[in-house]
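Enquirer: Pasting query_0.json here (JSON, C-alpha atoms and all ligand atoms):
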```json
[["chain", "number", "residue", "atom", "x", "y", "z"],
["A", 1, "MET", "CA", -80.69, -95.44, 10.28],
["A", 2, "ARG", "CA", -84.16, -94.10, 9.53],
["A", 3, "THR", "CA", -86.42, -92.78, 12.27],
["A", 4, "ALA", "CA", -90.18, -93.33, 12.01],
["A", 5, "MET", "CA", -92.95, -91.83, 14.11],
["A", 6, "ILE", "CA", -96.15, -93.89, 14.22],
["A", 7, "THR", "CA", -99.27, -92.47, 15.84],
["A", 8, "GLY", "CA", -101.72, -94.92, 17.38],
["A", 9, "ALA", "CA", -99.12, -97.65, 17.94],
["A", 10, "THR", "CA", -100.88, -99.29, 20.90],
["A", 11, "SER", "CA", -102.99, -101.63, 18.75],
["A", 12, "GLY", "CA", -104.10, -102.69, 15.30],
["A", 13, "ILE", "CA", -102.48, -101.22, 12.20],
["A", 14, "GLY", "CA", -100.18, -98.90, 14.14],
["A", 15, "GLU", "CA", -98.79, -101.63, 16.39],
["A", 16, "ALA", "CA", -98.28, -103.96, 13.42],
["A", 17, "THR", "CA", -96.47, -101.19, 11.55],
["A", 18, "ALA", "CA", -94.24, -100.57, 14.56],
["A", 19, "ARG", "CA", -93.35, -104.27, 14.63],
["A", 20, "ARG", "CA", -92.53, -104.32, 10.90],
["A", 21, "PHE", "CA", -90.47, -101.12, 11.11],
["A", 22, "GLY", "CA", -88.78, -102.55, 14.18],
["A", 23, "ALA", "CA", -87.74, -105.61, 12.18],
["A", 24, "LEU", "CA", -86.25, -103.25, 9.58],
["A", 25, "GLY", "CA", -84.07, -101.81, 12.36],
["A", 26, "TYR", "CA", -85.66, -98.35, 12.29],
["A", 27, "ARG", "CA", -85.53, -96.05, 15.30],
["A", 28, "LEU", "CA", -89.10, -95.62, 16.42],
["A", 29, "ILE", "CA", -91.19, -92.92, 18.06],
["A", 30, "LEU", "CA", -94.44, -94.57, 19.10],
["A", 31, "THR", "CA", -97.50, -92.67, 20.28],
["A", 32, "GLY", "CA", -100.92, -93.40, 21.75],
["A", 33, "ARG", "CA", -102.87, -92.64, 24.91],
["A", 34, "ARG", "CA", -102.64, -96.00, 26.71],
["A", 35, "SER", "CA", -99.17, -95.72, 28.21],
["A", 36, "HIS", "CA", -99.08, -99.30, 29.54],
["A", 37, "ARG", "CA", -99.86, -100.70, 26.11],
["A", 38, "LEU", "CA", -97.33, -98.35, 24.54],
["A", 39, "GLU", "CA", -94.60, -99.49, 26.95],
["A", 40, "ALA", "CA", -95.47, -103.15, 26.33],
["A", 41, "VAL", "CA", -95.18, -102.70, 22.54],
["A", 42, "LYS", "CA", -91.91, -100.81, 23.02],
["A", 43, "ARG", "CA", -90.40, -103.52, 25.25],
["A", 44, "SER", "CA", -91.53, -106.29, 22.96],
["A", 45, "ILE", "CA", -89.96, -104.71, 19.85],
["A", 46, "GLU", "CA", -86.80, -103.78, 21.75],
["A", 47, "SER", "CA", -86.34, -107.32, 22.97],
["A", 48, "GLU", "CA", -86.70, -108.73, 19.45],
["A", 49, "ASN", "CA", -84.66, -106.23, 17.47],
["A", 50, "HIS", "CA", -82.72, -104.05, 19.96],
["A", 51, "ASN", "CA", -84.10, -100.90, 18.33],
["A", 52, "GLU", "CA", -83.93, -97.50, 19.94],
["A", 53, "ILE", "CA", -87.55, -96.60, 20.75],
["A", 54, "LEU", "CA", -89.22, -93.57, 22.31],
["A", 55, "ALA", "CA", -92.75, -94.05, 23.65],
["A", 56, "LEU", "CA", -94.74, -90.82, 23.93],
["A", 57, "ALA", "CA", -98.15, -91.11, 25.58],
["A", 58, "PHE", "CA", -100.48, -88.24, 24.75],
["A", 59, "ASP", "CA", -103.92, -87.55, 23.37],
["A", 60, "ILE", "CA", -103.57, -86.41, 19.78],
["A", 61, "ARG", "CA", -106.72, -84.28, 20.16],
["A", 62, "GLU", "CA", -104.92, -81.98, 22.60],
["A", 63, "ARG", "CA", -102.97, -79.50, 20.54],
["A", 64, "SER", "CA", -100.77, -78.37, 23.43],
["A", 65, "ALA", "CA", -99.89, -82.00, 24.24],
["A", 66, "VAL", "CA", -98.94, -82.66, 20.61],
["A", 67, "GLU", "CA", -96.80, -79.53, 20.51],
["A", 68, "ALA", "CA", -95.11, -80.39, 23.82],
["A", 69, "ALA", "CA", -94.40, -83.98, 22.72],
["A", 70, "VAL", "CA", -92.60, -82.91, 19.56],
["A", 71, "ALA", "CA", -90.89, -79.89, 21.17],
["A", 72, "GLY", "CA", -89.63, -82.22, 23.91],
["A", 73, "LEU", "CA", -87.99, -84.72, 21.57],
["A", 74, "PRO", "CA", -84.42, -85.29, 22.76],
["A", 75, "ALA", "CA", -81.53, -84.06, 20.63],
["A", 76, "GLY", "CA", -80.80, -86.74, 18.09],
["A", 77, "TRP", "CA", -84.49, -87.58, 17.67],
["A", 78, "ARG", "CA", -85.49, -84.46, 15.79],
["A", 79, "LYS", "CA", -84.78, -85.88, 12.33],
["A", 80, "ILE", "CA", -87.92, -87.86, 11.53],
["A", 81, "ASP", "CA", -87.80, -89.62, 8.17],
["A", 82, "ILE", "CA", -91.26, -91.19, 8.21],
["A", 83, "LEU", "CA", -94.51, -90.11, 9.87],
["A", 84, "VAL", "CA", -97.35, -92.61, 9.81],
["A", 85, "ASN", "CA", -100.55, -90.73, 10.63],
["A", 86, "ASN", "CA", -102.55, -93.70, 11.81],
["A", 87, "ALA", "CA", -104.28, -92.73, 15.10],
["A", 88, "GLY", "CA", -108.00, -92.69, 14.47],
["A", 89, "LEU", "CA", -111.35, -94.21, 15.19],
["A", 90, "ALA", "CA", -114.99, -94.58, 14.31],
["A", 91, "ALA", "CA", -117.56, -94.00, 17.05],
["A", 92, "GLY", "CA", -121.17, -94.98, 16.57],
["A", 93, "LEU", "CA", -123.16, -96.18, 13.57],
["A", 94, "GLU", "CA", -126.50, -94.46, 13.18],
["A", 95, "HIS", "CA", -128.44, -91.89, 11.18],
["A", 96, "ILE", "CA", -127.44, -88.28, 11.72],
["A", 97, "ASP", "CA", -130.70, -87.43, 13.51],
["A", 98, "GLN", "CA", -129.82, -90.07, 16.11],
["A", 99, "GLY", "CA", -126.06, -89.56, 16.23],
["A", 100, "ASP", "CA", -124.22, -88.60, 19.40],
["A", 101, "PRO", "CA", -122.41, -85.28, 18.96],
["A", 102, "ASP", "CA", -119.77, -86.50, 21.44],
["A", 103, "ASP", "CA", -118.96, -89.32, 18.99],
["A", 104, "TRP", "CA", -118.70, -86.78, 16.15],
["A", 105, "ASP", "CA", -116.32, -84.66, 18.23],
["A", 106, "ARG", "CA", -114.11, -87.67, 18.99],
["A", 107, "MET", "CA", -113.88, -88.65, 15.33],
["A", 108, "ILE", "CA", -113.34, -85.21, 13.90],
["A", 109, "ASP", "CA", -110.95, -84.14, 16.67],
["A", 110, "THR", "CA", -108.86, -87.31, 16.29],
["A", 111, "ASN", "CA", -109.05, -88.23, 12.60],
["A", 112, "VAL", "CA", -108.86, -84.71, 11.20],
["A", 113, "LYS", "CA", -107.58, -82.22, 13.75],
["A", 114, "GLY", "CA", -105.17, -84.63, 15.47],
["A", 115, "LEU", "CA", -103.67, -85.59, 12.13],
["A", 116, "LEU", "CA", -103.22, -81.89, 11.31],
["A", 117, "TYR", "CA", -101.73, -81.06, 14.72],
["A", 118, "ILE", "CA", -99.02, -83.71, 14.56],
["A", 119, "THR", "CA", -98.24, -83.01, 10.91],
["A", 120, "ARG", "CA", -97.89, -79.30, 11.73],
["A", 121, "GLN", "CA", -95.18, -80.15, 14.27],
["A", 122, "VAL", "CA", -93.30, -82.84, 12.34],
["A", 123, "ALA", "CA", -93.33, -81.34, 8.83],
["A", 124, "PRO", "CA", -91.00, -78.43, 9.75],
["A", 125, "LEU", "CA", -88.49, -80.96, 11.10],
["A", 126, "MET", "CA", -88.67, -82.85, 7.80],
["A", 127, "ILE", "CA", -88.30, -79.62, 5.85],
["A", 128, "ALA", "CA", -85.22, -78.68, 7.90],
["A", 129, "ALA", "CA", -83.78, -82.14, 7.20],
["A", 130, "GLY", "CA", -84.40, -81.83, 3.46],
["A", 131, "GLY", "CA", -87.27, -84.29, 3.10],
["A", 132, "GLY", "CA", -89.28, -87.13, 4.52],
["A", 133, "HIS", "CA", -92.28, -89.36, 3.93],
["A", 134, "ILE", "CA", -95.76, -88.96, 5.42],
["A", 135, "VAL", "CA", -98.16, -91.91, 5.22],
["A", 136, "ASN", "CA", -101.77, -91.09, 6.04],
["A", 137, "ILE", "CA", -104.18, -93.88, 6.95],
["A", 138, "GLY", "CA", -107.42, -92.97, 5.22],
["A", 139, "SER", "CA", -110.20, -95.44, 4.50],
["A", 140, "ILE", "CA", -112.57, -96.65, 1.81],
["A", 141, "ALA", "CA", -114.87, -94.36, 3.84],
["A", 142, "GLY", "CA", -112.83, -91.50, 2.40],
["A", 143, "ARG", "CA", -114.18, -92.26, -1.06],
["A", 144, "GLU", "CA", -117.58, -93.81, -0.40],
["A", 145, "THR", "CA", -120.28, -92.74, 2.02],
["A", 146, "TYR", "CA", -122.47, -95.36, 3.61],
["A", 147, "GLU", "CA", -125.70, -95.21, 5.61],
["A", 148, "ASN", "CA", -125.15, -94.55, 9.33],
["A", 149, "GLY", "CA", -121.52, -93.59, 8.79],
["A", 150, "ALA", "CA", -121.75, -89.98, 7.62],
["A", 151, "ALA", "CA", -119.56, -88.39, 10.29],
["A", 152, "TYR", "CA", -116.83, -91.06, 10.09],
["A", 153, "CYS", "CA", -116.95, -90.95, 6.28],
["A", 154, "ALA", "CA", -116.70, -87.15, 6.41],
["A", 155, "SER", "CA", -113.61, -87.40, 8.62],
["A", 156, "LYS", "CA", -111.95, -89.81, 6.20],
["A", 157, "HIS", "CA", -112.97, -87.69, 3.18],
["A", 158, "ALA", "CA", -111.07, -84.95, 5.01],
["A", 159, "VAL", "CA", -108.02, -87.22, 5.31],
["A", 160, "ASN", "CA", -108.26, -87.72, 1.55],
["A", 161, "ALA", "CA", -108.31, -83.94, 0.96],
["A", 162, "LEU", "CA", -105.49, -83.37, 3.45],
["A", 163, "SER", "CA", -103.38, -86.04, 1.77],
["A", 164, "GLN", "CA", -103.78, -84.32, -1.60],
["A", 165, "GLY", "CA", -103.12, -80.91, -0.07],
["A", 166, "MET", "CA", -100.03, -82.06, 1.80],
["A", 167, "ARG", "CA", -98.65, -83.61, -1.37],
["A", 168, "ILE", "CA", -98.95, -80.23, -3.08],
["A", 169, "ASP", "CA", -97.70, -78.11, -0.16],
["A", 170, "PHE", "CA", -94.71, -80.34, 0.57],
["A", 171, "LEU", "CA", -93.73, -81.00, -3.04],
["A", 172, "ARG", "CA", -91.02, -78.35, -3.02],
["A", 173, "HIS", "CA", -89.63, -79.72, 0.24],
["A", 174, "GLY", "CA", -88.99, -83.28, -0.89],
["A", 175, "ILE", "CA", -91.61, -84.74, 1.44],
["A", 176, "LYS", "CA", -93.50, -87.63, -0.14],
["A", 177, "VAL", "CA", -97.13, -88.06, 0.91],
["A", 178, "SER", "CA", -98.92, -91.38, 0.55],
["A", 179, "GLN", "CA", -102.44, -92.34, 1.53],
["A", 180, "ILE", "CA", -103.57, -95.89, 2.26],
["A", 181, "ARG", "CA", -107.30, -96.54, 2.24],
["A", 182, "PRO", "CA", -108.07, -99.89, 3.87],
["A", 183, "GLY", "CA", -111.36, -101.75, 3.73],
["A", 184, "MET", "CA", -112.24, -104.24, 6.44],
["A", 185, "VAL", "CA", -109.39, -104.79, 8.92],
["A", 186, "ASN", "CA", -109.95, -106.79, 12.10],
["A", 187, "THR", "CA", -108.40, -104.67, 14.84],
["A", 188, "GLU", "CA", -109.95, -102.96, 17.86],
["A", 189, "PHE", "CA", -111.67, -100.62, 15.38],
["A", 190, "SER", "CA", -115.17, -102.15, 15.50],
["A", 191, "THR", "CA", -115.08, -102.69, 19.28],
["A", 192, "VAL", "CA", -114.28, -98.99, 19.65],
["A", 193, "ARG", "CA", -116.97, -98.06, 17.11],
["A", 194, "PHE", "CA", -119.59, -100.02, 19.09],
["A", 195, "HIS", "CA", -118.42, -98.59, 22.42],
["A", 196, "GLY", "CA", -117.01, -101.89, 23.69],
["A", 197, "ASP", "CA", -119.71, -104.25, 22.39],
["A", 198, "LYS", "CA", -117.39, -107.09, 21.30],
["A", 199, "GLU", "CA", -120.19, -109.35, 20.08],
["A", 200, "ARG", "CA", -121.47, -106.68, 17.71],
["A", 201, "ALA", "CA", -117.91, -105.94, 16.64],
["A", 202, "ASP", "CA", -117.16, -109.58, 15.85],
["A", 203, "ALA", "CA", -120.31, -109.80, 13.72],
["A", 204, "VAL", "CA", -118.80, -107.27, 11.30],
["A", 205, "TYR", "CA", -116.37, -110.00, 10.23],
["A", 206, "ASP", "CA", -118.88, -112.89, 10.09],
["A", 207, "GLY", "CA", -118.35, -115.16, 7.10],
["A", 208, "VAL", "CA", -115.27, -113.40, 5.71],
["A", 209, "THR", "CA", -111.57, -113.40, 6.32],
["A", 210, "PRO", "CA", -110.86, -109.75, 6.99],
["A", 211, "LEU", "CA", -107.48, -108.09, 6.63],
["A", 212, "THR", "CA", -105.23, -107.97, 9.68],
["A", 213, "GLY", "CA", -103.28, -104.99, 10.95],
["A", 214, "ASP", "CA", -100.16, -106.71, 9.66],
["A", 215, "ASP", "CA", -101.63, -106.94, 6.14],
["A", 216, "ILE", "CA", -101.81, -103.14, 6.07],
["A", 217, "ALA", "CA", -98.41, -102.83, 7.77],
["A", 218, "ARG", "CA", -96.96, -104.94, 4.97],
["A", 219, "VAL", "CA", -98.27, -102.43, 2.41],
["A", 220, "ILE", "CA", -96.90, -99.51, 4.44],
["A", 221, "GLU", "CA", -93.51, -101.24, 4.61],
["A", 222, "TRP", "CA", -93.54, -101.69, 0.84],
["A", 223, "ILE", "CA", -94.44, -98.03, 0.26],
["A", 224, "VAL", "CA", -91.69, -96.61, 2.49],
["A", 225, "THR", "CA", -88.98, -98.93, 1.16],
["A", 226, "LEU", "CA", -89.50, -98.18, -2.54],
["A", 227, "PRO", "CA", -86.67, -96.26, -4.25],
["A", 228, "PRO", "CA", -86.72, -92.55, -3.32],
["A", 229, "HIS", "CA", -87.95, -91.36, -6.74],
["A", 230, "ILE", "CA", -91.14, -93.47, -6.55],
["A", 231, "ASN", "CA", -94.19, -92.39, -4.58],
["A", 232, "ILE", "CA", -97.41, -94.32, -4.08],
["A", 233, "ASN", "CA", -99.88, -91.43, -3.89],
["A", 234, "ASP", "CA", -102.90, -93.45, -3.00],
["A", 235, "ILE", "CA", -103.72, -97.12, -2.57],
["A", 236, "GLU", "CA", -106.91, -98.95, -1.62],
["A", 237, "VAL", "CA", -106.56, -102.35, 0.05],
["A", 238, "MET", "CA", -109.39, -104.79, 0.84],
["A", 239, "PRO", "CA", -109.95, -108.44, 1.65],
["A", 240, "ASP", "CA", -110.65, -110.51, -1.46],
["A", 241, "ARG", "CA", -114.25, -111.02, -0.25],
["A", 242, "GLN", "CA", -114.98, -107.27, -0.24],
["A", 243, "ALA", "CA", -115.68, -105.19, -3.37],
["A", 244, "ASP", "CA", -116.47, -101.86, -1.72],
["A", 245, "ALA", "CA", -118.24, -100.46, 1.33],
["A", 246, "PHE", "CA", -121.52, -102.12, 0.24],
["A", 247, "TYR", "CA", -120.73, -105.50, -1.28],
["A", 248, "THR", "CA", -119.16, -108.31, 0.76],
["A", 249, "ASN", "CA", -119.27, -111.98, -0.23],
["A", 250, "ARG", "CA", -119.90, -113.77, 3.07],
["A", 251, "ASP", "CA", -120.07, -117.52, 3.75],
["A", 252, "ARG", "CA", -123.66, -118.35, 4.59],
["B", 301, "LIG", "P1", -107.40, -99.65, 16.59],
["B", 301, "LIG", "O1", -108.55, -99.21, 17.42],
["B", 301, "LIG", "O2", -106.87, -101.02, 16.80],
["B", 301, "LIG", "O3", -106.20, -98.61, 16.74],
["B", 301, "LIG", "C1", -106.41, -97.22, 16.81],
["B", 301, "LIG", "C2", -105.16, -96.55, 17.35],
["B", 301, "LIG", "O4", -105.41, -95.12, 17.38],
["B", 301, "LIG", "C3", -104.84, -96.98, 18.77],
["B", 301, "LIG", "O5", -103.45, -97.18, 18.90],
["B", 301, "LIG", "C4", -105.29, -95.80, 19.61],
["B", 301, "LIG", "O6", -104.46, -95.65, 20.75],
["B", 301, "LIG", "C5", -105.04, -94.63, 18.64],
["B", 301, "LIG", "N1", -105.86, -93.48, 19.02],
["B", 301, "LIG", "C6", -107.21, -93.37, 18.97],
["B", 301, "LIG", "N2", -107.61, -92.19, 19.48],
["B", 301, "LIG", "C7", -106.48, -91.53, 19.86],
["B", 301, "LIG", "C8", -106.21, -90.28, 20.48],
["B", 301, "LIG", "N3", -107.21, -89.44, 20.79],
["B", 301, "LIG", "N4", -104.94, -89.93, 20.74],
["B", 301, "LIG", "C9", -103.93, -90.77, 20.43],
["B", 301, "LIG", "N5", -104.10, -91.96, 19.84],
["B", 301, "LIG", "C10", -105.35, -92.36, 19.57],
["B", 301, "LIG", "O7", -107.88, -99.46, 15.08],
["B", 301, "LIG", "P2", -107.12, -99.59, 13.67],
["B", 301, "LIG", "O8", -105.74, -100.07, 13.84],
["B", 301, "LIG", "O9", -108.02, -100.33, 12.76],
["B", 301, "LIG", "O10", -107.15, -98.07, 13.22],
["B", 301, "LIG", "C11", -106.02, -97.36, 12.76],
["B", 301, "LIG", "C12", -106.45, -96.42, 11.65],
["B", 301, "LIG", "O11", -106.93, -97.19, 10.55],
["B", 301, "LIG", "C13", -107.57, -95.46, 12.02],
["B", 301, "LIG", "O12", -107.28, -94.18, 11.50],
["B", 301, "LIG", "C14", -108.80, -96.05, 11.32],
["B", 301, "LIG", "O13", -109.75, -95.07, 11.00],
["B", 301, "LIG", "C15", -108.14, -96.62, 10.08],
["B", 301, "LIG", "N6", -108.90, -97.64, 9.37],
["B", 301, "LIG", "C16", -109.26, -98.79, 10.00],
["B", 301, "LIG", "C17", -109.99, -99.75, 9.30],
["B", 301, "LIG", "C18", -110.48, -101.01, 9.93],
["B", 301, "LIG", "O14", -111.37, -101.67, 9.34],
["B", 301, "LIG", "N7", -109.94, -101.41, 11.07],
["B", 301, "LIG", "C19", -110.32, -99.58, 7.87],
["B", 301, "LIG", "C20", -109.89, -98.31, 7.33],
["B", 301, "LIG", "C21", -109.20, -97.41, 8.05],
["B", 301, "LIG", "P3", -104.98, -95.33, 22.23],
["B", 301, "LIG", "O15", -106.38, -95.85, 22.36],
["B", 301, "LIG", "O16", -103.98, -96.01, 23.11],
["B", 301, "LIG", "O17", -104.89, -93.84, 22.31],
["B", 302, "LIG", "C1", -112.98, -98.49, 8.18],
["B", 302, "LIG", "C2", -113.70, -99.19, 7.10],
["B", 302, "LIG", "O1", -115.97, -99.63, 6.02],
["B", 302, "LIG", "O2", -115.90, -99.39, 8.45],
["B", 302, "LIG", "O3", -112.52, -97.24, 7.79],
["B", 302, "LIG", "O4", -115.63, -97.48, 7.04],
["B", 302, "LIG", "S1", -115.38, -98.89, 7.16]]
```
Here is the file; what I need is its structure written in the form of structure tokens.
Ligand code: NDP
Ligand code: 8X3
Expert:
Amino acid sequence: MRTAMITGATSGIGEATARRFGALGYRLILTGRRSHRLEAVKRSIESENHNEILALAFDIRERSAVEAAVAGLPAGWRKIDILVNNAGLAAGLEHIDQGDPDDWDRMIDTNVKGLLYITRQVAPLMIAAGGGHIVNIGSIAGRETYENGAAYCASKHAVNALSQGMRIDFLRHGIKVSQIRPGMVNTEFSTVRFHGDKERADAVYDGVTPLTGDDIARVIEWIVTLPPHININDIEVMPDRQADAFYTNRDR
């Protein structure tokens, strides 16, 4: 049975991926900071599918916590077949001269450094096991840069570069690396971006049917269940009403 680690499994894309992998019968290692949410997701998947699940609550920005979490994996959980690097966020939406450096730190520390920290710990386990599959959640913001979003876009451009670099570095080790770059997905993402302003967050999705976390989870499931010799390097997924970061066809 395959074992998958999913970072950021307390909500949105990560939770939906955990539920889909749970239905496949995978053993799961779920991470996130909100331990109550993590336990609730764990219990819910366990009750539906009777999977073996480990819930590890830590802040992916804290390198020592990441190292301790992976070093502390029980015997029998140290062969990780799939790592979904999903934990991430946007914080703020303004011009650089008005941006909050604390928001920049949160985004860069989570989206870039956190992704590196966890990969640094899990990749050697995959190498020792003879291979694995890493799925990085990038964004259309990793290809395009939009007004007010420079720091978030920079962090996702970094995920794009890291995905390419990992694919090269891990080639000889049989580790596949895929990147998914979603457009508009209705999760807690916008509420987090607007520091809890739900009304402003909901307005992002006015007049369109956005993707759901499960829509992206469906794509992740497809990618990790393809025959071993096939790799999806990179895939961009949007709602049908969205063309790119700038053009959205909204109901008036
Ligand atoms: P959510 O806010 O719903 O989920 C984000 C997840 O990341 C949560 O489980 C959260 O857990 C976790 N997380 C955030 N910060 C940390 C941290 N410091 N340590 C550990 N875990 C953390 O948003 P999404 O599901 O939409 O986001 C998932 C990924 O998808 C992100 O990388 C995002 O950039 C990307 N994405 C999202 C898009 C969208 O439109 N929604 C579009 C393109 C990409 P907790 O708070 O419990 O720690
Ligand atoms: C999330 C999509 O357009 O808000 O990564 O950057 S966007």
Enquirer: Give as a PyMOL selection string the set of residues within 7 Å of the point (-99.8, -91.0, 27.2), where distances use the file's coordinates and all atoms listed in the file.
Expert: chain A and resi 32-35+56-59
Enquirer: At what distance in Å, to one decimal, does atom O3 of ligand LIG 301 (chain B) lie from atom CA of Gln179 of chain A?
Expert: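 We find that atom CA of Gln179 of chain A and atom O3 of ligand LIG 301 (chain B) lie 16.9 Å from each other.
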Enquirer: Let me see if you get this right: every residue at most 6 Å from ligand LIG 301 (chain B), counting all atoms listed in the file, written as a PyMOL selection string.
Expert: chain A and resi 8-14+32-34+59-61+86-89+110+137-139+181-189
Enquirer: Quick one, how far is atom CA of Tyr117 of chain A from atom CA of Arg2 of chain A?
Expert: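 Answer for the atom CA of Tyr117 of chain A to atom CA of Arg2 of chain A separation: 22.5 Å.
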Enquirer: Just the residues within 7 Å of Cys153 of chain A, please, counting all atoms listed in the file, with nothing from its chain fewer than 4 positions along; format it as a PDB file with C-alpha atoms, in the coordinates of the input.
Expert:
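This is the output file selection-v4.pdb:
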```pdb
ATOM      1  CA  ALA A 141    -114.870 -94.360   3.840  1.00  0.00           C
ATOM      2  CA  GLY A 142    -112.830 -91.500   2.400  1.00  0.00           C
ATOM      3  CA  THR A 145    -120.280 -92.740   2.020  1.00  0.00           C
ATOM      4  CA  GLY A 149    -121.520 -93.590   8.790  1.00  0.00           C
ATOM      5  CA  HIS A 157    -112.970 -87.690   3.180  1.00  0.00           C
TER       6      HIS A 157
END
```
Enquirer: Determine, counting all atoms listed in the file, which protein, DNA and RNA residues have an atom within 12 Å of an atom of Ala129 of chain A; residues of the same chain fewer than 2 positions away are not included. Present the result as JSON, numbers by chain.
Expert: {"A": [77, 78, 79, 80, 81, 82, 122, 123, 124, 125, 126, 127, 131, 132, 133, 173, 174, 175]}
Enquirer: For atom CA of Phe170 of chain A and atom CA of Thr17 of chain A, quote the distance in Å rounded to one decimal.
Expert: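 Spanning atom CA of Phe170 of chain A to atom CA of Thr17 of chain A is a straight-line distance of 23.6 Å.
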Enquirer: Since the input has fewer atoms than a full residue there, write segment 43-55 of chain A out with N, CA, C and O atoms, as a short mmCIF file (atom, residue, chain, number, x, y, z; two decimals), keeping the file's coordinate frame.
Expert:
```cif
data_model
loop_
_atom_site.label_atom_id
_atom_site.label_comp_id
_atom_site.auth_asym_id
_atom_site.auth_seq_id
_atom_site.Cartn_x
_atom_site.Cartn_y
_atom_site.Cartn_z
N ARG A 43 -91.27 -102.48 24.67
CA ARG A 43 -90.40 -103.52 25.25
C ARG A 43 -90.33 -104.75 24.36
O ARG A 43 -89.28 -105.33 24.15
N SER A 44 -91.49 -105.11 23.80
CA SER A 44 -91.53 -106.29 22.96
C SER A 44 -90.67 -106.11 21.69
O SER A 44 -89.90 -107.01 21.32
N ILE A 45 -90.77 -104.95 21.07
CA ILE A 45 -89.96 -104.71 19.85
C ILE A 45 -88.48 -104.61 20.21
O ILE A 45 -87.61 -105.17 19.52
N GLU A 46 -88.20 -103.92 21.31
CA GLU A 46 -86.80 -103.78 21.75
C GLU A 46 -86.16 -105.14 21.98
O GLU A 46 -85.02 -105.39 21.59
N SER A 47 -86.93 -106.03 22.62
CA SER A 47 -86.34 -107.32 22.97
C SER A 47 -86.09 -108.16 21.72
O SER A 47 -85.18 -108.97 21.67
N GLU A 48 -86.89 -107.94 20.68
CA GLU A 48 -86.70 -108.73 19.45
C GLU A 48 -85.61 -108.16 18.56
O GLU A 48 -84.87 -108.89 17.92
N ASN A 49 -85.54 -106.83 18.48
CA ASN A 49 -84.66 -106.23 17.47
C ASN A 49 -83.61 -105.27 18.03
O ASN A 49 -82.81 -104.74 17.28
N HIS A 50 -83.67 -104.98 19.32
CA HIS A 50 -82.72 -104.05 19.96
C HIS A 50 -82.77 -102.66 19.34
O HIS A 50 -81.75 -101.97 19.26
N ASN A 51 -83.96 -102.25 18.90
CA ASN A 51 -84.10 -100.90 18.33
C ASN A 51 -84.05 -99.86 19.44
O ASN A 51 -84.33 -100.16 20.59
N GLU A 52 -83.73 -98.63 19.03
CA GLU A 52 -83.93 -97.50 19.94
C GLU A 52 -85.38 -97.04 19.76
O GLU A 52 -85.81 -96.75 18.63
N ILE A 53 -86.12 -96.95 20.85
CA ILE A 53 -87.55 -96.60 20.75
C ILE A 53 -87.92 -95.58 21.81
O ILE A 53 -87.57 -95.72 22.99
N LEU A 54 -88.63 -94.55 21.38
CA LEU A 54 -89.22 -93.57 22.31
C LEU A 54 -90.72 -93.82 22.35
O LEU A 54 -91.35 -93.92 21.28
N ALA A 55 -91.29 -93.91 23.52
CA ALA A 55 -92.75 -94.05 23.65
C ALA A 55 -93.30 -92.76 24.23
O ALA A 55 -92.90 -92.35 25.33
#
```
